[in-house]
Amino acid sequence: MIKKYLIALWLVLSIASCSSGKKFFLNIPSTSVQRTTGTEFFKTVAAWKWAARDSLAVQEILGGNIPSFLQKFIPVSSEIKDSMGIVHRAVFYVSPDYLAIGTDADWARIPLTPMAAQRIADSFHCFLPTRKMVDLIYEQATVKLEPVPMYAFRDSSVTMWQHHLIIEGQRKGRKGLIAGIKKDVVISGKISRDAKPVREAIYGWHKPDGKPIQPLYTGHINWWVDYSHGIRLIYRKIIVDGKEMDYIEVLKHPLYQKLLCDEDWCDFYKYAY
């Protein structure tokens with residue numbers, strides 16, 4: 001009798017562990033072609049403008065040129081209380097660092113326009129974060145680094161490369177979910193309400209006190225990209241109260257949307273870049 005009870009208990013615990021320990025990986029195409037390293041990429045695009053750099057970056061990333069450590073996503077949790085005081089929880093899965101090109105031995109973070117970022121996210125069944133999600137990622141990050149602003153040639157490839165090297169000097173090989181190093185390109189309803197057309201939304205770059213340098217901002221035209229921008233991929237399947245949901249379902253839900261969004265209007269899934 002005791003043996004049967006222990007077996008039953010083991011099964012329950014095993015099932016619970018499997019359901020709560022869900023893992024997501026990017027489905028990266030395999031390639032036998034030698035990969036372009038991060039150093040080589042930035043040498044190639046050193047004098048290029050944004051459109052050419054974007055084009056090559058998208059080609060490389062969609063071709064599978066992403067370091068392997070970026071392919072295993074990390075869970076981040078969110079919770080809210082409804083009007084009855086009932087707690088609702090969500091778990092969303094994020095890339096451990098900002099989008100990068102290269103091998104595990106030689107890679108580099110690559111800032112992109114939101115259009116390029118959206119194309120990559122769609123191709124990998126992902127989406128870009130909201131402002132609230134950026135805050136949650138920072139709160140739960142295991143590696144939090146102080147922002148390093150740069151002031152000259154902000155949109156040049158050379159500055160982007162230099163900023164990546166500065167971050168790596170700060171990181172000193174530490175692993176895990178990293179934050180505080182970039183402003184995030186985010187999805188936001190503020191874009192659709194901005195008086196000027198074709199905007200992009202950026203937010204974040206948290207200081208050690210947890211306050212972001214960059215408030216939610218839509219002042220840049222959508223092709224502007226500089227060294228401080230980062231692309232964080234979020235897997236589009238969210239676990240809400242133990243149930244797997246697509247992020248659009250969550251953002252459409254009058255209650256659950258508050259798990260991912262802190263804006264008055266959370267309908268910005270309609271306004272993809």
# chains A, B, ... in the order shown; residues from 1 in each chain; ligands from 1
>>> residues_around(residues="range 118-134 of chain A", least_positions_apart="5", cutoff="7 Å", atoms="only C-alpha atoms", output="MDAnalysis selection string")
chainID A and resid 26:27 58 62 186:188 203:204 232:236 260:262 273
>>> residues_around(residues="Ile28 in chain A", least_positions_apart="4", cutoff="9 Å", atoms="only C-alpha atoms", output="MDAnalysis selection string")
chainID A and resid 61:66 71 124
>>> write_last_selection(atoms="N, CA and C atoms", output="mmCIF file, in the first residue's frame")
data_model
loop_
_atom_site.group_PDB
_atom_site.id
_atom_site.type_symbol
_atom_site.label_atom_id
_atom_site.label_comp_id
_atom_site.auth_asym_id
_atom_site.auth_seq_id
_atom_site.Cartn_x
_atom_site.Cartn_y
_atom_site.Cartn_z
ATOM 1 N N ILE A 61 21.242 36.262 -39.619
ATOM 2 C CA ILE A 61 20.482 35.706 -38.493
ATOM 3 C C ILE A 61 19.467 34.674 -38.968
ATOM 4 N N LEU A 62 18.742 34.991 -40.032
ATOM 5 C CA LEU A 62 17.764 34.030 -40.542
ATOM 6 C C LEU A 62 18.452 32.802 -41.141
ATOM 7 N N GLY A 63 19.719 32.960 -41.496
ATOM 8 C CA GLY A 63 20.500 31.822 -41.978
ATOM 9 C C GLY A 63 21.070 30.971 -40.856
ATOM 10 N N GLY A 64 20.807 31.365 -39.612
ATOM 11 C CA GLY A 64 21.245 30.561 -38.476
ATOM 12 C C GLY A 64 22.503 31.044 -37.783
ATOM 13 N N ASN A 65 22.981 32.235 -38.164
ATOM 14 C CA ASN A 65 24.232 32.719 -37.573
ATOM 15 C C ASN A 65 23.962 33.453 -36.259
ATOM 16 N N ILE A 66 23.637 32.683 -35.235
ATOM 17 C CA ILE A 66 23.369 33.192 -33.892
ATOM 18 C C ILE A 66 24.144 32.314 -32.922
ATOM 19 N N GLN A 71 20.065 30.691 -27.927
ATOM 20 C CA GLN A 71 18.975 29.885 -28.456
ATOM 21 C C GLN A 71 18.117 29.226 -27.375
ATOM 22 N N PHE A 124 11.006 33.539 -36.186
ATOM 23 C CA PHE A 124 11.349 32.615 -35.105
ATOM 24 C C PHE A 124 10.201 32.426 -34.111
#
>>> select_by_dssp(residues="range 33-266 of chain A", states="strand (DSSP E or B)", output="MDAnalysis selection string")
chainID A and resid 72 74:81 87:94 100:102 107:109 126:127 143:144 178:179 183:186 199 201:206 212:217 221 229:230 234:235 237:240 243:246
>>> closest_residue(among="A:Asp82, A:Glu200, A:Asp155, A:Glu146", to="Tyr217 in chain A", atoms="only C-alpha atoms")
A:Glu200
>>> closest_residue(among="A:Asp135, A:Ser95, A:Met84, A:Tyr227", to="Ala152 in chain A", atoms="only C-alpha atoms")
A:Tyr227
>>> closest_atom_pairs(of="range 72-141 of chain A", to="range 50-55 of chain A", cutoff="8 Å", atoms="only C-alpha atoms", output="Markdown table")
| residue | atom | partner | partner_atom | distance |
| --- | --- | --- | --- | --- |
| A:Leu112 | CA | A:Asp54 | CA | 6.2 |
| A:Thr113 | CA | A:Asp54 | CA | 7.1 |
| A:Ala116 | CA | A:Asp54 | CA | 6.5 |
>>> write_last_selection(atoms="C-alpha atoms", output="compact mmCIF listing (two decimals), in the first residue's frame")
# COMPACT_ATOMS: atom_id res chain seq x y z
CA LEU A 112 18.61 46.78 -35.71
CA THR A 113 15.72 48.85 -36.98
CA ALA A 116 14.33 44.12 -39.28
>>> closest_residue(among="A:Gly180, A:Gly169, A:Pro111, A:Gly189", to="Trp224 in chain A", atoms="only C-alpha atoms")
A:Pro111
>>> residues_around(residues="Arg89 in chain A", least_positions_apart="4", cutoff="12 Å", atoms="only C-alpha atoms", output="mmCIF file with C-alpha atoms, in the first residue's frame")
data_model
loop_
_atom_site.group_PDB
_atom_site.id
_atom_site.type_symbol
_atom_site.label_atom_id
_atom_site.label_comp_id
_atom_site.auth_asym_id
_atom_site.auth_seq_id
_atom_site.Cartn_x
_atom_site.Cartn_y
_atom_site.Cartn_z
ATOM 1 C CA VAL A 76 10.408 35.443 -16.522
ATOM 2 C CA SER A 77 7.309 35.654 -14.337
ATOM 3 C CA SER A 78 4.547 38.216 -13.884
ATOM 4 C CA GLU A 79 1.574 38.306 -11.549
ATOM 5 C CA ILE A 80 -1.463 40.497 -10.890
ATOM 6 C CA LYS A 81 -4.511 40.447 -8.622
ATOM 7 C CA ASP A 82 -8.019 40.742 -10.043
ATOM 8 C CA ILE A 238 2.943 32.496 -22.754
ATOM 9 C CA ILE A 239 1.958 30.294 -19.792
ATOM 10 C CA VAL A 240 -0.997 31.999 -18.076
ATOM 11 C CA ASP A 241 -2.453 30.354 -14.963
ATOM 12 C CA GLY A 242 -0.924 27.090 -16.135
ATOM 13 C CA LYS A 243 -2.385 27.324 -19.663
ATOM 14 C CA GLU A 244 -0.361 27.952 -22.815
ATOM 15 C CA VAL A 250 -3.119 37.446 -23.848
ATOM 16 C CA LEU A 255 -7.599 40.865 -17.522
ATOM 17 C CA TYR A 256 -4.600 38.840 -18.672
ATOM 18 C CA GLN A 257 -3.247 41.708 -20.794
ATOM 19 C CA LYS A 258 -2.219 43.411 -17.534
ATOM 20 C CA LEU A 259 0.302 40.616 -17.005
ATOM 21 C CA LEU A 260 2.261 41.882 -20.017
#
>>> closest_residue(among="A:Glu40, A:Asp267, A:Asp226, A:Asp104", to="Lys183 in chain A", atoms="only C-alpha atoms")
A:Asp226
>>> decode(residues="range 114-167 of chain A", atoms="C-alpha atoms", output="PDB file, in the first residue's frame")
ATOM      1  CA  PRO A 114      12.327  47.715 -35.667  1.00  0.00           C
ATOM      2  CA  MET A 115      11.382  46.533 -39.160  1.00  0.00           C
ATOM      3  CA  ALA A 116      14.330  44.122 -39.279  1.00  0.00           C
ATOM      4  CA  ALA A 117      13.674  43.090 -35.682  1.00  0.00           C
ATOM      5  CA  GLN A 118      10.012  42.361 -36.437  1.00  0.00           C
ATOM      6  CA  ARG A 119      10.903  40.242 -39.452  1.00  0.00           C
ATOM      7  CA  ILE A 120      13.339  38.173 -37.395  1.00  0.00           C
ATOM      8  CA  ALA A 121      10.905  37.838 -34.495  1.00  0.00           C
ATOM      9  CA  ASP A 122       8.106  36.667 -36.800  1.00  0.00           C
ATOM     10  CA  SER A 123      10.409  34.147 -38.470  1.00  0.00           C
ATOM     11  CA  PHE A 124      11.349  32.615 -35.105  1.00  0.00           C
ATOM     12  CA  HIS A 125       7.794  32.631 -33.673  1.00  0.00           C
ATOM     13  CA  CYS A 126       8.698  35.419 -31.289  1.00  0.00           C
ATOM     14  CA  PHE A 127       7.679  39.001 -30.561  1.00  0.00           C
ATOM     15  CA  LEU A 128       9.252  42.155 -29.129  1.00  0.00           C
ATOM     16  CA  PRO A 129       8.679  43.088 -25.484  1.00  0.00           C
ATOM     17  CA  THR A 130       6.371  45.674 -23.956  1.00  0.00           C
ATOM     18  CA  ARG A 131       7.548  48.310 -21.482  1.00  0.00           C
ATOM     19  CA  LYS A 132       6.264  46.248 -18.545  1.00  0.00           C
ATOM     20  CA  MET A 133       8.071  43.149 -19.792  1.00  0.00           C
ATOM     21  CA  VAL A 134      11.342  45.085 -20.037  1.00  0.00           C
ATOM     22  CA  ASP A 135      10.930  46.114 -16.380  1.00  0.00           C
ATOM     23  CA  LEU A 136      10.219  42.518 -15.338  1.00  0.00           C
ATOM     24  CA  ILE A 137      13.239  41.240 -17.249  1.00  0.00           C
ATOM     25  CA  TYR A 138      15.468  43.761 -15.485  1.00  0.00           C
ATOM     26  CA  GLU A 139      14.034  42.882 -12.059  1.00  0.00           C
ATOM     27  CA  GLN A 140      14.661  39.156 -12.599  1.00  0.00           C
ATOM     28  CA  ALA A 141      17.990  39.367 -14.433  1.00  0.00           C
ATOM     29  CA  THR A 142      20.950  37.598 -12.859  1.00  0.00           C
ATOM     30  CA  VAL A 143      23.538  39.895 -14.491  1.00  0.00           C
ATOM     31  CA  LYS A 144      22.747  43.611 -14.125  1.00  0.00           C
ATOM     32  CA  LEU A 145      25.311  45.998 -15.589  1.00  0.00           C
ATOM     33  CA  GLU A 146      25.490  49.764 -15.370  1.00  0.00           C
ATOM     34  CA  PRO A 147      24.624  51.593 -18.627  1.00  0.00           C
ATOM     35  CA  VAL A 148      27.545  53.096 -20.550  1.00  0.00           C
ATOM     36  CA  PRO A 149      26.367  56.053 -22.705  1.00  0.00           C
ATOM     37  CA  MET A 150      28.427  57.098 -25.737  1.00  0.00           C
ATOM     38  CA  TYR A 151      28.078  60.462 -27.413  1.00  0.00           C
ATOM     39  CA  ALA A 152      29.871  60.563 -30.770  1.00  0.00           C
ATOM     40  CA  PHE A 153      28.759  58.887 -34.020  1.00  0.00           C
ATOM     41  CA  ARG A 154      25.916  57.176 -32.201  1.00  0.00           C
ATOM     42  CA  ASP A 155      24.486  55.512 -35.331  1.00  0.00           C
ATOM     43  CA  SER A 156      27.770  54.233 -36.764  1.00  0.00           C
ATOM     44  CA  SER A 157      28.681  50.560 -36.939  1.00  0.00           C
ATOM     45  CA  VAL A 158      32.044  51.319 -35.336  1.00  0.00           C
ATOM     46  CA  THR A 159      30.350  52.780 -32.244  1.00  0.00           C
ATOM     47  CA  MET A 160      28.034  49.778 -32.073  1.00  0.00           C
ATOM     48  CA  TRP A 161      31.037  47.460 -32.086  1.00  0.00           C
ATOM     49  CA  GLN A 162      32.857  49.516 -29.467  1.00  0.00           C
ATOM     50  CA  HIS A 163      29.797  49.498 -27.207  1.00  0.00           C
ATOM     51  CA  HIS A 164      29.561  45.700 -27.463  1.00  0.00           C
ATOM     52  CA  LEU A 165      33.213  45.396 -26.423  1.00  0.00           C
ATOM     53  CA  ILE A 166      32.663  47.744 -23.461  1.00  0.00           C
ATOM     54  CA  ILE A 167      29.724  45.614 -22.277  1.00  0.00           C
TER      55      ILE A 167
END
